[in-house]
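Participant: Provided herewith: data-v2.txt, compact mmCIF, C-alpha atoms.
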# COMPACT_ATOMS: atom_id res chain seq x y z
CA MET J 1267 42.11 7.32 18.08
CA PRO J 1268 42.17 5.19 14.92
CA LEU J 1269 38.99 3.63 13.65
CA SER J 1270 38.84 -0.03 14.53
CA PRO J 1271 38.81 -2.63 11.74
CA SER J 1272 36.17 -4.34 13.87
CA LEU J 1273 33.74 -1.84 12.31
CA ILE J 1274 33.91 -3.95 9.13
CA GLY J 1275 30.63 -5.79 8.84
CA THR J 1276 28.65 -3.20 10.79
CA ARG J 1277 25.18 -3.05 9.28
CA TYR J 1278 22.91 -0.05 9.27
CA PRO J 1279 19.23 -0.90 9.84
CA GLU J 1280 17.48 -1.32 6.46
CA PHE J 1281 15.90 1.84 5.23
CA ARG J 1282 13.01 2.29 2.78
CA THR J 1283 12.34 5.32 0.67
CA SER J 1284 11.38 6.47 -2.81
CA ALA J 1285 12.33 9.35 -5.09
CA GLU J 1286 9.62 11.99 -5.32
CA ARG J 1287 9.05 13.67 -8.69
CA GLY J 1288 9.35 17.14 -7.15
CA ARG J 1289 12.72 16.36 -5.65
CA LEU J 1290 13.96 14.89 -8.94
CA ARG J 1291 12.91 18.13 -10.71
CA PHE J 1292 14.79 20.14 -8.05
CA PHE J 1293 17.83 17.88 -8.52
CA ALA J 1294 17.67 18.42 -12.31
CA GLN J 1295 17.63 22.18 -11.71
CA ALA J 1296 20.54 21.99 -9.25
CA THR J 1297 22.68 19.93 -11.65
CA GLY J 1298 21.88 21.89 -14.82
CA GLN J 1299 19.99 18.99 -16.36
CA HIS J 1300 17.84 20.44 -19.14
CA ASP J 1301 16.76 17.17 -20.81
CA PRO J 1302 12.95 17.14 -20.29
CA VAL J 1303 13.08 13.38 -19.73
CA TYR J 1304 14.25 14.21 -16.17
CA THR J 1305 11.49 16.72 -15.37
CA ASP J 1306 8.47 16.04 -17.57
CA VAL J 1307 6.61 12.76 -17.06
CA GLU J 1308 5.20 12.81 -20.61
CA ALA J 1309 8.68 13.23 -22.09
CA ALA J 1310 9.96 10.44 -19.83
CA VAL J 1311 7.20 8.05 -20.89
CA ALA J 1312 7.74 8.96 -24.56
CA ALA J 1313 11.41 8.00 -24.09
CA GLY J 1314 10.39 4.59 -22.73
CA HIS J 1315 10.58 5.20 -18.97
CA ARG J 1316 7.79 4.27 -16.55
CA ASP J 1317 8.06 7.68 -14.83
CA LEU J 1318 10.81 10.27 -14.30
CA PRO J 1319 14.07 8.28 -14.29
CA VAL J 1320 16.24 8.55 -11.19
CA PRO J 1321 19.52 10.08 -12.52
CA PRO J 1322 22.77 8.09 -12.29
CA THR J 1323 24.01 9.64 -9.02
CA PHE J 1324 20.70 10.30 -7.28
CA LEU J 1325 20.60 6.93 -5.49
CA PHE J 1326 23.46 8.30 -3.39
CA CYS J 1327 21.19 11.16 -2.28
CA LEU J 1328 18.52 8.68 -1.21
CA GLU J 1329 21.16 6.64 0.61
CA MET J 1330 22.18 9.76 2.51
CA ASP J 1331 18.64 10.14 3.80
CA ASN J 1332 19.18 7.06 5.96
CA PRO J 1333 18.85 8.50 9.50
CA ASP J 1334 21.37 5.95 10.76
CA ARG J 1335 24.08 7.32 8.47
CA GLY J 1336 24.50 10.48 10.52
CA LYS J 1337 24.10 8.53 13.75
CA PHE J 1338 26.89 6.16 12.68
CA LEU J 1339 29.32 9.07 12.26
CA ARG J 1340 28.21 10.73 15.51
CA ASP J 1341 28.63 7.45 17.39
CA LEU J 1342 32.22 7.31 16.14
CA GLY J 1343 32.78 10.90 17.26
CA ILE J 1344 33.34 12.10 13.69
CA ASP J 1345 32.49 15.73 12.90
CA VAL J 1346 31.07 15.95 9.37
CA ARG J 1347 33.29 19.00 8.77
CA THR J 1348 36.33 16.71 8.91
CA ILE J 1349 35.15 14.24 6.28
CA LEU J 1350 35.69 14.17 2.54
CA HIS J 1351 34.10 11.97 -0.05
CA GLY J 1352 36.96 9.87 -1.42
CA GLY J 1353 35.13 7.89 -4.04
CA GLN J 1354 31.77 6.65 -5.19
CA GLU J 1355 30.78 3.76 -7.42
CA PHE J 1356 27.47 2.60 -8.79
CA ALA J 1357 26.56 -0.70 -10.44
CA TYR J 1358 23.14 -0.51 -12.05
CA HIS J 1359 21.06 -3.67 -12.33
CA SER J 1360 17.60 -2.33 -13.24
CA PRO J 1361 16.24 1.13 -14.12
CA VAL J 1362 14.75 3.09 -11.22
CA CYS J 1363 11.98 5.66 -11.54
CA ALA J 1364 10.15 8.18 -9.38
CA GLY J 1365 7.80 6.46 -6.96
CA ASP J 1366 9.60 3.11 -6.88
CA GLU J 1367 9.67 1.75 -3.32
CA LEU J 1368 13.33 1.08 -2.61
CA THR J 1369 15.05 -0.68 0.27
CA PHE J 1370 18.62 0.32 1.15
CA ALA J 1371 20.78 -2.20 3.03
CA THR J 1372 24.14 -0.70 3.98
CA GLU J 1373 27.13 -2.24 5.66
CA VAL J 1374 30.68 -1.15 6.36
CA SER J 1375 32.77 -3.19 3.92
CA ASP J 1376 36.25 -1.84 4.73
CA VAL J 1377 38.12 0.41 7.16
CA TYR J 1378 41.76 1.40 6.65
CA SER J 1379 44.16 4.27 7.23
CA LYS J 1380 46.95 6.01 5.32
CA LYS J 1381 49.71 8.48 6.18
CA GLY J 1382 50.25 6.99 9.62
CA GLY J 1383 46.60 7.43 10.57
CA ALA J 1384 46.28 11.06 9.44
CA LEU J 1385 43.74 9.87 6.90
CA GLU J 1386 41.21 7.22 7.71
CA PHE J 1387 38.88 5.57 5.23
CA ILE J 1388 35.45 4.04 5.75
CA VAL J 1389 33.99 2.10 2.82
CA ARG J 1390 30.25 1.43 2.74
CA THR J 1391 28.47 -0.97 0.42
CA THR J 1392 24.75 -0.43 -0.10
CA ARG J 1393 22.49 -2.88 -1.89
CA VAL J 1394 19.34 -1.29 -3.22
CA THR J 1395 16.36 -3.51 -3.94
CA ARG J 1396 12.78 -3.03 -5.20
CA ALA J 1397 10.35 -5.74 -4.07
CA GLY J 1398 13.34 -7.94 -3.34
CA GLU J 1399 14.91 -7.47 -6.79
CA PRO J 1400 18.36 -5.86 -6.93
CA VAL J 1401 18.34 -2.49 -8.72
CA ALA J 1402 21.76 -1.09 -7.82
CA THR J 1403 24.84 -1.50 -5.66
CA LEU J 1404 26.57 1.58 -4.27
CA THR J 1405 30.10 1.66 -2.88
CA GLY J 1406 31.15 4.86 -1.16
CA THR J 1407 34.43 5.83 0.49
CA THR J 1408 34.44 8.44 3.24
CA VAL J 1409 37.78 9.99 4.20
CA VAL J 1410 38.19 11.29 7.74
CA ARG J 1411 40.88 13.94 7.40
CA ASP J 1412 41.79 14.97 10.89
CA PRO J 1413 39.82 13.29 13.63
CA LYS J 1414 41.57 15.35 16.31
CA ALA J 1415 39.97 18.54 15.00
CA ALA J 1416 36.59 17.08 15.89
CA ARG J 1417 37.46 16.25 19.50
CA MET A 994 17.29 9.96 -28.44
CA THR A 995 19.32 8.52 -31.29
CA THR A 996 21.52 5.60 -30.40
CA PRO A 997 25.14 6.51 -31.07
CA VAL A 998 27.69 3.93 -32.12
CA LEU A 999 30.53 4.01 -29.62
CA LYS A 1000 34.05 3.33 -30.84
CA PRO A 1001 37.46 3.68 -29.21
CA GLY A 1002 38.69 7.25 -29.31
CA ASP A 1003 35.23 8.82 -29.30
CA ALA A 1004 35.28 11.75 -26.90
CA LEU A 1005 32.80 14.17 -25.42
CA SER A 1006 33.18 17.16 -23.12
CA LEU A 1007 30.86 19.38 -21.16
CA GLU A 1008 31.64 22.67 -19.42
CA ALA A 1009 29.68 22.83 -16.19
CA PRO A 1010 28.26 26.13 -14.99
CA LYS A 1011 30.33 28.17 -12.52
CA VAL A 1012 29.94 26.61 -9.07
CA THR A 1013 28.58 29.63 -7.25
CA ARG A 1014 27.48 29.70 -3.61
CA THR A 1015 23.91 29.65 -4.90
CA ALA A 1016 24.69 26.51 -6.91
CA LEU A 1017 26.04 24.86 -3.75
CA ALA A 1018 22.99 25.90 -1.73
CA LEU A 1019 20.67 24.49 -4.41
CA TYR A 1020 22.65 21.26 -4.63
CA ALA A 1021 22.63 20.91 -0.83
CA GLY A 1022 18.85 21.22 -0.82
CA ALA A 1023 18.19 18.95 -3.78
CA SER A 1024 20.70 16.27 -2.82
CA GLY A 1025 20.05 16.27 0.91
CA ASP A 1026 23.78 16.70 1.60
CA HIS A 1027 23.72 19.54 4.13
CA ASN A 1028 27.33 19.21 5.27
CA PRO A 1029 28.17 22.79 6.34
CA VAL A 1030 31.57 22.69 4.60
CA HIS A 1031 29.65 23.26 1.36
CA ILE A 1032 27.33 26.05 2.45
CA ASP A 1033 28.48 27.76 5.65
CA ILE A 1034 31.75 29.71 5.66
CA ASP A 1035 31.52 30.29 9.43
CA ALA A 1036 31.40 26.55 10.08
CA CYS A 1037 34.36 26.08 7.72
CA ARG A 1038 36.51 28.67 9.49
CA ALA A 1039 35.75 27.13 12.87
CA VAL A 1040 37.66 24.03 11.73
CA GLY A 1041 40.40 25.85 9.82
CA ILE A 1042 38.95 25.68 6.29
CA ASP A 1043 39.14 29.06 4.50
CA ASP A 1044 35.98 28.82 2.46
CA VAL A 1045 33.22 26.51 1.33
CA PHE A 1046 33.99 24.04 -1.43
CA ALA A 1047 31.83 22.06 -3.81
CA HIS A 1048 30.22 18.71 -3.11
CA GLY A 1049 32.18 16.03 -4.98
CA MET A 1050 28.83 14.54 -5.94
CA LEU A 1051 27.89 17.75 -7.77
CA SER A 1052 30.84 17.17 -10.12
CA MET A 1053 29.84 13.51 -10.36
CA ALA A 1054 26.30 14.63 -11.30
CA TYR A 1055 27.67 16.92 -14.04
CA LEU A 1056 29.76 14.03 -15.31
CA GLY A 1057 26.67 11.82 -15.15
CA ARG A 1058 24.95 14.41 -17.37
CA LEU A 1059 27.83 14.01 -19.84
CA LEU A 1060 27.07 10.26 -19.87
CA THR A 1061 23.31 10.66 -20.31
CA ASP A 1062 23.91 13.20 -23.10
CA TRP A 1063 25.92 10.43 -24.78
CA VAL A 1064 23.77 7.33 -24.31
CA PRO A 1065 20.29 6.65 -22.92
CA GLN A 1066 20.65 6.19 -19.17
CA ASP A 1067 19.42 2.59 -19.19
CA ARG A 1068 22.60 1.61 -21.06
CA ILE A 1069 24.86 2.67 -18.19
CA ARG A 1070 25.91 -0.44 -16.26
CA GLU A 1071 28.66 0.92 -14.02
CA TYR A 1072 29.77 4.40 -13.10
CA GLY A 1073 32.47 5.09 -10.52
CA VAL A 1074 34.80 7.92 -9.56
CA ARG A 1075 37.63 8.80 -7.24
CA PHE A 1076 37.70 12.36 -5.93
CA SER A 1077 41.29 13.61 -6.17
CA ALA A 1078 41.06 17.33 -5.35
CA ILE A 1079 38.45 19.68 -3.98
CA THR A 1080 36.54 22.07 -6.24
CA PRO A 1081 36.73 25.59 -4.79
CA VAL A 1082 33.65 27.80 -4.82
CA ASN A 1083 33.33 29.75 -8.11
CA ALA A 1084 35.34 27.20 -10.08
CA VAL A 1085 34.22 26.12 -13.55
CA PRO A 1086 34.61 22.32 -13.85
CA VAL A 1087 35.07 20.76 -17.27
CA CYS A 1088 33.91 17.15 -17.72
CA ARG A 1089 35.54 14.91 -20.30
CA GLY A 1090 34.93 11.35 -21.39
CA THR A 1091 36.74 9.07 -23.83
CA VAL A 1092 35.83 5.62 -25.09
CA VAL A 1093 38.86 3.42 -24.36
CA SER A 1094 37.58 0.05 -25.55
CA VAL A 1095 34.57 -1.67 -27.05
CA GLU A 1096 34.30 -5.39 -26.51
CA ASP A 1097 31.54 -7.98 -26.11
CA GLY A 1098 28.81 -5.36 -26.34
CA LEU A 1099 30.30 -3.18 -23.63
CA ALA A 1100 32.10 0.14 -24.06
CA ARG A 1101 34.54 1.27 -21.36
CA LEU A 1102 34.93 4.99 -20.85
CA ASP A 1103 37.54 6.99 -19.00
CA LEU A 1104 36.19 10.11 -17.36
CA THR A 1105 37.71 13.19 -15.77
CA VAL A 1106 36.62 16.49 -14.30
CA SER A 1107 39.24 19.22 -14.23
CA LEU A 1108 39.55 22.90 -13.43
CA PRO A 1109 40.85 25.58 -15.84
CA ASP A 1110 44.26 25.53 -14.06
CA GLY A 1111 44.63 21.84 -14.94
CA THR A 1112 43.80 20.39 -11.52
CA VAL A 1113 42.03 17.07 -11.96
CA THR A 1114 39.29 16.95 -9.33
CA LEU A 1115 37.73 13.66 -10.26
CA GLN A 1116 38.83 10.58 -12.17
CA GLY A 1117 36.30 8.01 -13.15
CA ARG A 1118 35.15 5.31 -15.47
CA ALA A 1119 31.93 3.96 -16.81
CA VAL A 1120 30.75 0.84 -18.57
CA VAL A 1121 27.87 1.23 -21.02
CA THR A 1122 26.24 -1.26 -23.33
CA THR A 1123 26.82 -0.60 -27.02
CA ASP A 1124 23.16 -1.02 -27.92
Show me the file's structure as structure tokens.

Facilitator:
Amino acid sequence: MPLSPSLIGTRYPEFRTSAERGRLRFFAQATGQHDPVYTDVEAAVAAGHRDLPVPPTFLFCLEMDNPDRGKFLRDLGIDVRTILHGGQEFAYHSPVCAGDELTFATEVSDVYSKKGGALEFIVRTTRVTRAGEPVATLTGTTVVRDPKAAR
Amino acid sequence: MTTPVLKPGDALSLEAPKVTRTALALYAGASGDHNPVHIDIDACRAVGIDDVFAHGMLSMAYLGRLLTDWVPQDRIREYGVRFSAITPVNAVPVCRGTVVSVEDGLARLDLTVSLPDGTVTLQGRAVVTTD
């Protein structure tokens, strides 16, 4: 069954979180990041950061921690094994560091299909703020490859 | 970090480490993306996928490392990619970036990640400030 365009505008409940230093160090290890700025607070401060900087793609990881993200897919009957990440964009408005309290506000900004419905696309836009100030905007495209396999 | 002058034609590349199963397990843990298609071959086979494959965002993180090796992170204004092919387990992705234009204090970069057989797995772009 094709995804309904009426999903456009669906909002996830706002979600608050912060990047922990330990997780950022683990992320640096997992991505082969050897620059001490990303693991050593003294090196980060010496380079002009307030604390360990959150790397360019890590906001996506925090966005994924939104418990409603998985619920949204389950509610649509989508098995995560049938999805692919089609694209991801970041616009950065203000630097983000470990410990910053961030609010993620996500909504479905587009839904469309290709190849006669064999591929369906869900586009999410997430505005990330810190004390009300915008720090980043994320746009992610999820591709649902074969919904029938999940049902 | 020294502040490089960016001009059209400047290019940088970075060979990522081999994307082993251990690398995928570590990335799953660190990123919070526990989708079994990246870590569990049994779950893959149950839906007709032969083997695990890499998180697209792992390649995007390697490419992000190429950017932060180039300019201090605070100069990155936009960074976006389209994932065009999957990265099989044990592949060795190569990240490349080229400055395509410099105008009004902003440099535009074209970015790719490809595999040794020429498959382009990711196409992207970034906008960074020139100072």

Participant: Give the answer as one residue: which of J:Pro1322, J:Pro1400, J:Gly1365, J:Gly1383 has the shortest atom-to-atom distance to chain A, using all atoms listed in the file?

Facilitator: J:Pro1322

Participant: Counting all atoms listed in the file, which residues from chain J have an atom at most 8 Å from any atom of chain A, and could you show them as a short mmCIF file (atom, residue, chain, number, x, y, z; two decimals) with C-alpha atoms, in the coordinates of the input?

Facilitator:
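What ended up in result24.cif:
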data_model
loop_
_atom_site.label_atom_id
_atom_site.label_comp_id
_atom_site.auth_asym_id
_atom_site.auth_seq_id
_atom_site.Cartn_x
_atom_site.Cartn_y
_atom_site.Cartn_z
CA ARG J 1289 12.72 16.36 -5.65
CA LEU J 1290 13.96 14.89 -8.94
CA PHE J 1292 14.79 20.14 -8.05
CA PHE J 1293 17.83 17.88 -8.52
CA ALA J 1296 20.54 21.99 -9.25
CA THR J 1297 22.68 19.93 -11.65
CA GLY J 1298 21.88 21.89 -14.82
CA GLN J 1299 19.99 18.99 -16.36
CA ALA J 1313 11.41 8.00 -24.09
CA PRO J 1321 19.52 10.08 -12.52
CA PRO J 1322 22.77 8.09 -12.29
CA THR J 1323 24.01 9.64 -9.02
CA PHE J 1324 20.70 10.30 -7.28
CA CYS J 1327 21.19 11.16 -2.28
CA MET J 1330 22.18 9.76 2.51
CA ASP J 1331 18.64 10.14 3.80
CA VAL J 1346 31.07 15.95 9.37
CA ARG J 1347 33.29 19.00 8.77
CA THR J 1348 36.33 16.71 8.91
CA HIS J 1351 34.10 11.97 -0.05
CA GLY J 1352 36.96 9.87 -1.42
CA GLY J 1353 35.13 7.89 -4.04
CA GLN J 1354 31.77 6.65 -5.19
CA GLU J 1355 30.78 3.76 -7.42
CA PHE J 1356 27.47 2.60 -8.79
CA ALA J 1357 26.56 -0.70 -10.44
CA TYR J 1358 23.14 -0.51 -12.05
CA HIS J 1359 21.06 -3.67 -12.33
CA SER J 1360 17.60 -2.33 -13.24
CA PRO J 1361 16.24 1.13 -14.12
CA ALA J 1415 39.97 18.54 15.00
#

Participant: Please, what distance in Å, to one decimal, runs between CA of His1300 in chain J and CA of Thr1080 in chain A?

Facilitator: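 CA of Thr1080 in chain A lies 22.8 Å from CA of His1300 in chain J.
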
Participant: Do a neighbour search on range 1107-1109 of chain A at 6 Å with all atoms listed in the file, toss out local chain neighbours closer than 3 positions, and write the hits as a PyMOL selection string.

Facilitator: chain A and resi 1086-1087+1112-1114

Participant: Need the neighbours of (14.3, 4.0, 5.2): which residues are at most 10 Å away, counting only C-alpha atoms, as a ChimeraX atom specification?

Facilitator: /J:1279-1284,1328-1329,1331-1334,1367-1371

Participant: Quote the spacing between CA of Val1095 in chain A and CA of Trp1063 in chain A in Å to one decimal place.

Facilitator: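 Distance between the two atoms: 15.0 Å.
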
Participant: Could you work out how far CA of Leu1007 in chain A lies from CA of Ala1309 in chain J, giving the answer in Å with one decimal?

Facilitator: 23.0 Å

Participant: Kindly list the centre and edge lengths in Å, rounded to one decimal, for the axis-aligned box that covers all listed atoms of range 1357-1360 of chain J plus 3 Å on each of its six sides, as lines of an AutoDock Vina configuration file.

Facilitator:
center_x = 22.1
center_y = -2.1
center_z = -11.8
size_x = 15.0
size_y = 9.2
size_z = 8.8

Participant: For Arg1411 in chain J, please output as JSON, numbers by chain all residues within 8 Å (counting only C-alpha atoms; exclusion window: fewer than 3 positions along the same chain).

Facilitator: {"J": [1348, 1349, 1350, 1384, 1385, 1386]}

Participant: Find the residue from A:Asp1033, A:Asp1003, A:Asp1110, A:Glu1008 that sits nearest to Val1092 in chain A; use all atoms listed in the file when measuring.

Facilitator: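 Residue with the minimum atom-to-atom distance to Val1092 in chain A: A:Asp1003.
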
Participant: At a cut-off of 9 Å, using only C-alpha atoms, what residues contact Thr1123 in chain A? Leave out same-chain residues fewer than 6 positions from it and give the result as number ranges by chain.

Facilitator: A: 996-999, 1064, 1068, 1095-1100

Participant: Just checking: using all atoms listed in the file, which residue out of A:Val1045, A:Val1082, A:Val1121, A:Val1106 ends up closest to Ser1094 in chain A?

Facilitator: A:Val1121

Participant: Hey, which of J:Thr1305, J:His1315, J:Thr1408, J:Pro1268 ends up closest to Gly1343 in chain J? Count all atoms listed in the file.

Facilitator: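 Of J:Thr1305, J:His1315, J:Thr1408, J:Pro1268, the one nearest Gly1343 in chain J is J:Pro1268, counting all atoms listed in the file.
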